[in-house]
Amino acid sequence: MRVLVAMSGGVDSSVAAALLKESGHDVVGATLKLWGGASDSGCCSVSDVDDARRVAHSLDIDHHIFNYTSEFEAAVVKPFVDDHAAGLTPNPCIECNRVIKFDLLFERAERLGFDAVATGHHALVELWNGRPTLTRSVDPLKDQSYVLGYIQGPILQRLVLPIGGMNKEEVREHAERLDLRTWNKPDSQDVCFIEASRGREAFLGQRIELTSAEVFDRVTQEVVGRVPAAQLVTLGQRRGIAPGFDGERRFVASVDLENRRVEVDRIEAIMVSALALRPDSLTFAYDEIPNGTRVMVQWSAHGRPVSATLETSDAPHLILDEPARPVSAGQSVVFYDAETGRHVLGAAQVGR
Amino acid sequence: MSEQKFYFDHGASAPRLDEVAEAMAPWQHGVVGNPSGMHSASRDARRAIEDARDIVANFVGQPSHEVIFTGGGTESCHLAISGVVREHRKHHEISDIVISPTEHHAVLNTALALADEFDDVRVRFLDVDDLGIITTESLWENLGPSTAIVSVMTVNNETGVYQPVPVVGTVTAAGVPDGGISHTDAVAAAPWLYLPALTESIDMISIAAHKLGGPVNSGALVLRRDIKLDPVSVGGGQERGHRGGTVDVAAAVGLAAACRVVDRERMEVNERVTALRTRLEAALRYVPGVAITATEETRVPGCTHLTVEGLASEELLFLLDNAGIAASAGASCSSGASVMSHVLEAMKMPEDKARGALRFTMGRETTKEDVDQLIAVFADVVYRLRGEK
């Protein structure tokens, strides 16, 4: 099989490429150039490209670089900025996967004569109900099926995920055995275009006006302080919010950008039992999930999955079995099968 | 070494000449004297360098100029610009660097870096037409008492188009009160053009060996004797104080050998490659969506720059490479990724057109069979990427 492996310069994709080469496939590696600006995330900077290239050399596979910077700017960075300005909480990694890595790259791979595309994501493509289905990796701490939640059937048919059956230690051991220079490279953290040393606030602050907001305590019905950047505040957030006068913790109950007001309350008061979903974001891997199906849902990269029922009417929503902290609009929810909680059925964005 | 069978990237690096390897061989093993020493081995090395210097001087052809051996085209351009500007700053309040927006990064980035470093250094960009050629009016408009240096390349490395270099020389001399200094990056021009005729009025000329079939990291800056440069590398003051550091005998000898071959074969190669290019372009034009960028004859014979509508250079080059054909998109960044060309941007080419830009460059080794193979493969690749048969 002729496979194109997306190589970021990290140990996961290095080992993915190695495993495929060892299995006798015709492997070509490609690093995507996505962000031309400053980067210290450990992903896709010039030195990461070097790492990927050198690993490819040591595996004796060809290495190419594909420049997707303008597509990335338009499809990932700009919406990230615009969404924050509109009071949404986007996940740019999910968008990048949805539009670039698992769409444009796949189209290109097909044009260039490849049978499949592989990545180093910690996840699996397993045959389930007779169809290739995105499945959680065996390492629960590293499972990345969440960020791949929007991938659909036609892509799944041509996707190979070689390391999903290994835990992180095994991946590093394999790399070390092969003497790959990236065997002990630290994992990249956070978003590839935001410098960890400066953070989201600095990045967004350069592009949009970050506005402060007053913090109103619903319990005491008083304004108790201010937050410097309301666009960065998410529902259910506790960080940066002072405890109330009663000594109990306060959590964000609502964010009103227009009126510059964040309201906080005790945890019991903000819990929700349902999550509205944005209708045009509802995506299914294969067939539509029937109305009223029970599912396991997860709404952050490493959050704890919970049980829910999916209602797919005109106003689609999730009815949660147990109340949970609210989830900000713009965040993605991924649906897994109720029986095992391991197979991805689809995804959607939380609506207002 | 991979088995690339059809090489159409002479513009990036020309195949190494046998005559060059032979000339360099004695200076690459065994005792090679340091040219600065006093014994006979040093004198031998010194002599080889001076012989090489004469050959290069003759190649560029300005008797009132001296030749400085450098570590390549980029270093020559950097030394020229930085050397003149830093010297200029000592006696002037403002130092203007006047360049075309289509210059190679060796000139462009050096100029920008100096403007970045010093508040009193400014970069002024000349206007260019849609072929990237500077206008004379724009030249007159941008010259003045603060002009430190004017630098315009002789031939553009991406498109192969000529700049009016003789005009640059004479206008600079006339347009700057105490006589400005002109420089030309002749790196892409040297394989094709008779430099003595073109650069009579130019004060400083940069060339690079590896575009001529010589070694890489070998070049020369040929400059009028009375020009004072602030050297980049001070060291022991070699090359008349212009460039400190032991002169690489092999590199100098290699550059000279390459110049000799080019001089000898220039007319024949120009004629033969022009015919090959005509053959290539006549065929490429039949592929739908192909537009040849510089259709007029105001360009060097060996360069065919084109755009393919709706396709991406990266994909074209990938499939061409698979078929054993080496070519380029004309612009890449240090990581190896292809990038939007600043040259095409200066020519106001729309971005989506520039995305499908390709450059095929030929040289003395290119054969008719090479061209016919490229024609066949190219058409095939384009149809394939378009999903047609």
# chains A, B, ... in the order shown; residues from 1 in each chain; ligands from 1
>>> interface_residues(of="chain B", to="chain A", cutoff="8 Å", atoms="only C-alpha atoms", output="list in words")
Glu314, Glu315, Phe318, Leu319, Ser335, Gly336, Ala337, Ser338, Val339, Arg384, Leu385 and Gly387 of chain B
>>> write_last_selection(atoms="N, CA and C atoms", output="compact mmCIF listing (two decimals), in the first residue's frame")
# COMPACT_ATOMS: atom_id res chain seq x y z
N GLU B 314 3.46 22.57 -5.59
CA GLU B 314 3.92 21.45 -4.77
C GLU B 314 3.52 20.12 -5.36
N GLU B 315 2.27 20.04 -5.84
CA GLU B 315 1.79 18.77 -6.39
C GLU B 315 2.43 18.49 -7.74
N PHE B 318 5.97 17.35 -7.13
CA PHE B 318 5.98 16.01 -6.54
C PHE B 318 5.88 14.95 -7.63
N LEU B 319 4.89 15.12 -8.52
CA LEU B 319 4.70 14.11 -9.56
C LEU B 319 5.81 14.16 -10.61
N SER B 335 13.13 26.19 5.41
CA SER B 335 12.71 24.88 5.90
C SER B 335 12.52 23.90 4.76
N GLY B 336 12.51 24.42 3.53
CA GLY B 336 12.30 23.54 2.39
C GLY B 336 10.90 23.62 1.83
N ALA B 337 10.01 24.30 2.53
CA ALA B 337 8.63 24.41 2.03
C ALA B 337 8.59 25.42 0.89
N SER B 338 7.68 25.21 -0.04
CA SER B 338 7.54 26.19 -1.11
C SER B 338 6.76 27.37 -0.54
N VAL B 339 7.11 28.56 -0.97
CA VAL B 339 6.42 29.74 -0.45
C VAL B 339 6.01 30.63 -1.62
N ARG B 384 -3.35 14.41 -15.08
CA ARG B 384 -3.60 13.55 -13.93
C ARG B 384 -4.11 14.36 -12.74
N LEU B 385 -3.46 15.49 -12.47
CA LEU B 385 -3.88 16.31 -11.34
C LEU B 385 -5.25 16.93 -11.56
N GLY B 387 -7.53 15.30 -12.96
CA GLY B 387 -8.48 14.19 -12.93
C GLY B 387 -8.97 13.80 -14.30
>>> select_by_dssp(residues="segment 35-245 of chain B", states="alpha helix (DSSP H)", output="PyMOL selection string")
chain B and resi 40-60+73-89+105-117+136-142+165-175+195-198
>>> closest_residue(among="A:Asp246, A:Gly351, A:Pro154, A:Asp256", to="Ala213 of chain A", atoms="only C-alpha atoms")
A:Asp256
>>> atom_distance(atom1="atom CA of Val350 of chain A", atom2="atom CA of Pro132 of chain A")
26.5 Å
>>> residues_around(residues="Asp337 of chain A", least_positions_apart="4", cutoff="8 Å", atoms="only C-alpha atoms", output="list in words")
Arg294, Val295, Met296, Gly341, Arg342, His343, Val344 and Leu345 of chain A
>>> write_last_selection(atoms="C-alpha atoms", output="compact mmCIF listing (two decimals), in the first residue's frame")
# COMPACT_ATOMS: atom_id res chain seq x y z
CA ARG A 294 -28.32 6.79 24.08
CA VAL A 295 -24.69 7.84 23.71
CA MET A 296 -21.55 8.54 25.72
CA GLY A 341 -17.99 4.18 24.88
CA ARG A 342 -15.08 3.59 22.49
CA HIS A 343 -16.45 4.09 18.98
CA VAL A 344 -17.05 7.56 17.58
CA LEU A 345 -20.49 8.04 16.07
>>> residues_around(residues="Arg304 of chain A", least_positions_apart="3", cutoff="12 Å", atoms="only C-alpha atoms", output="MDAnalysis selection string")
chainID A and resid 140:141 143 146 296:301 307 324 333:334 341
>>> residues_around(residues="segment 269-275 of chain A", least_positions_apart="5", cutoff="8 Å", atoms="only C-alpha atoms", output="list in words")
Gly236, Phe251, Val252, Ala253, His317, Leu318, Ile319, Leu320, Asp321, Glu322, Pro323, Ala324, Arg325, Pro326, Val327, Val350 and Gly351 of chain A
>>> residues_around(residues="Asp51 of chain B", least_positions_apart="2", cutoff="12 Å", atoms="only C-alpha atoms", output="list in words")
Asp44, Ala45, Arg46, Arg47, Ala48, Ile49, Arg53, Asp54, Ile55, Val56, Ala57, Asn58, Val67, Val249, Ala252, Val253, Gly254, Leu255, Ala256, Ala257 and Arg260 of chain B
>>> residues_around(residues="Leu223 of chain B", least_positions_apart="3", cutoff="6 Å", atoms="only C-alpha atoms", output="MDAnalysis selection string")
chainID B and resid 65:66 203:204
>>> write_last_selection(atoms="C-alpha atoms", output="mmCIF file, in the first residue's frame")
data_model
loop_
_atom_site.group_PDB
_atom_site.id
_atom_site.type_symbol
_atom_site.label_atom_id
_atom_site.label_comp_id
_atom_site.auth_asym_id
_atom_site.auth_seq_id
_atom_site.Cartn_x
_atom_site.Cartn_y
_atom_site.Cartn_z
ATOM 1 C CA HIS B 65 37.872 46.950 -10.897
ATOM 2 C CA GLU B 66 39.470 44.569 -8.444
ATOM 3 C CA ASP B 203 30.603 49.860 -9.716
ATOM 4 C CA MET B 204 30.172 46.452 -8.065
#
>>> closest_residue(among="A:Ala6, A:Ala56, A:Val77, A:Ala338", to="Thr182 of chain A", atoms="only C-alpha atoms")
A:Ala56
>>> atom_distance(atom1="atom CA of Gly346 of chain A", atom2="atom CA of Phe72 of chain A")
23.4 Å
>>> closest_residue(among="B:Gly235, B:Gly160, B:Pro196, B:Gly144", to="Gly175 of chain B", atoms="only C-alpha atoms")
B:Gly144
>>> closest_residue(among="B:Val343, B:Ala106, B:Val371, B:Leu358", to="Ala283 of chain B", atoms="only C-alpha atoms")
B:Val371
>>> select_by_dssp(residues="segment 4-157 of chain B", states="strand (DSSP E or B)", output="list in words")
Phe6, Tyr7, Asp9, His65, Glu66, Val67, Ile68, Phe69, Thr70, Ser95, Asp96, Ile97, Val98, Ile99, Val121, Arg122, Val123, Arg124, Phe125, Val128, Ile134, Thr147, Ala148, Ile149, Val150, Ser151 and Val155 of chain B
>>> write_last_selection(atoms="C-alpha atoms", output="CSV table (one decimal), in the first residue's frame")
chain,number,residue,atom,x,y,z
B,6,PHE,CA,16.2,14.8,-16.2
B,7,TYR,CA,17.6,17.8,-14.6
B,9,ASP,CA,17.0,23.0,-12.2
B,65,HIS,CA,37.9,47.0,-10.9
B,66,GLU,CA,39.5,44.6,-8.4
B,67,VAL,CA,38.3,41.1,-7.6
B,68,ILE,CA,37.6,39.9,-4.1
B,69,PHE,CA,37.1,36.2,-3.6
B,70,THR,CA,34.2,35.4,-1.3
B,95,SER,CA,21.7,56.3,4.0
B,96,ASP,CA,19.2,55.1,1.4
B,97,ILE,CA,19.4,51.7,-0.2
B,98,VAL,CA,17.6,51.7,-3.6
B,99,ILE,CA,16.7,48.3,-4.9
B,121,VAL,CA,19.1,53.6,7.0
B,122,ARG,CA,16.1,53.4,4.6
B,123,VAL,CA,15.2,51.0,1.8
B,124,ARG,CA,13.5,52.5,-1.2
B,125,PHE,CA,11.9,50.2,-3.7
B,128,VAL,CA,8.5,47.5,-11.7
B,134,ILE,CA,12.3,48.6,-13.2
B,147,THR,CA,21.6,57.5,-1.7
B,148,ALA,CA,24.3,55.1,-0.4
B,149,ILE,CA,23.9,52.3,-3.0
B,150,VAL,CA,21.6,51.3,-5.8
B,151,SER,CA,21.4,47.5,-6.4
B,155,VAL,CA,18.9,38.8,-14.5
>>> closest_residue(among="B:Ala41, B:Met153, B:Leu131, B:Val261", to="Asp18 of chain B", atoms="only C-alpha atoms")
B:Val261
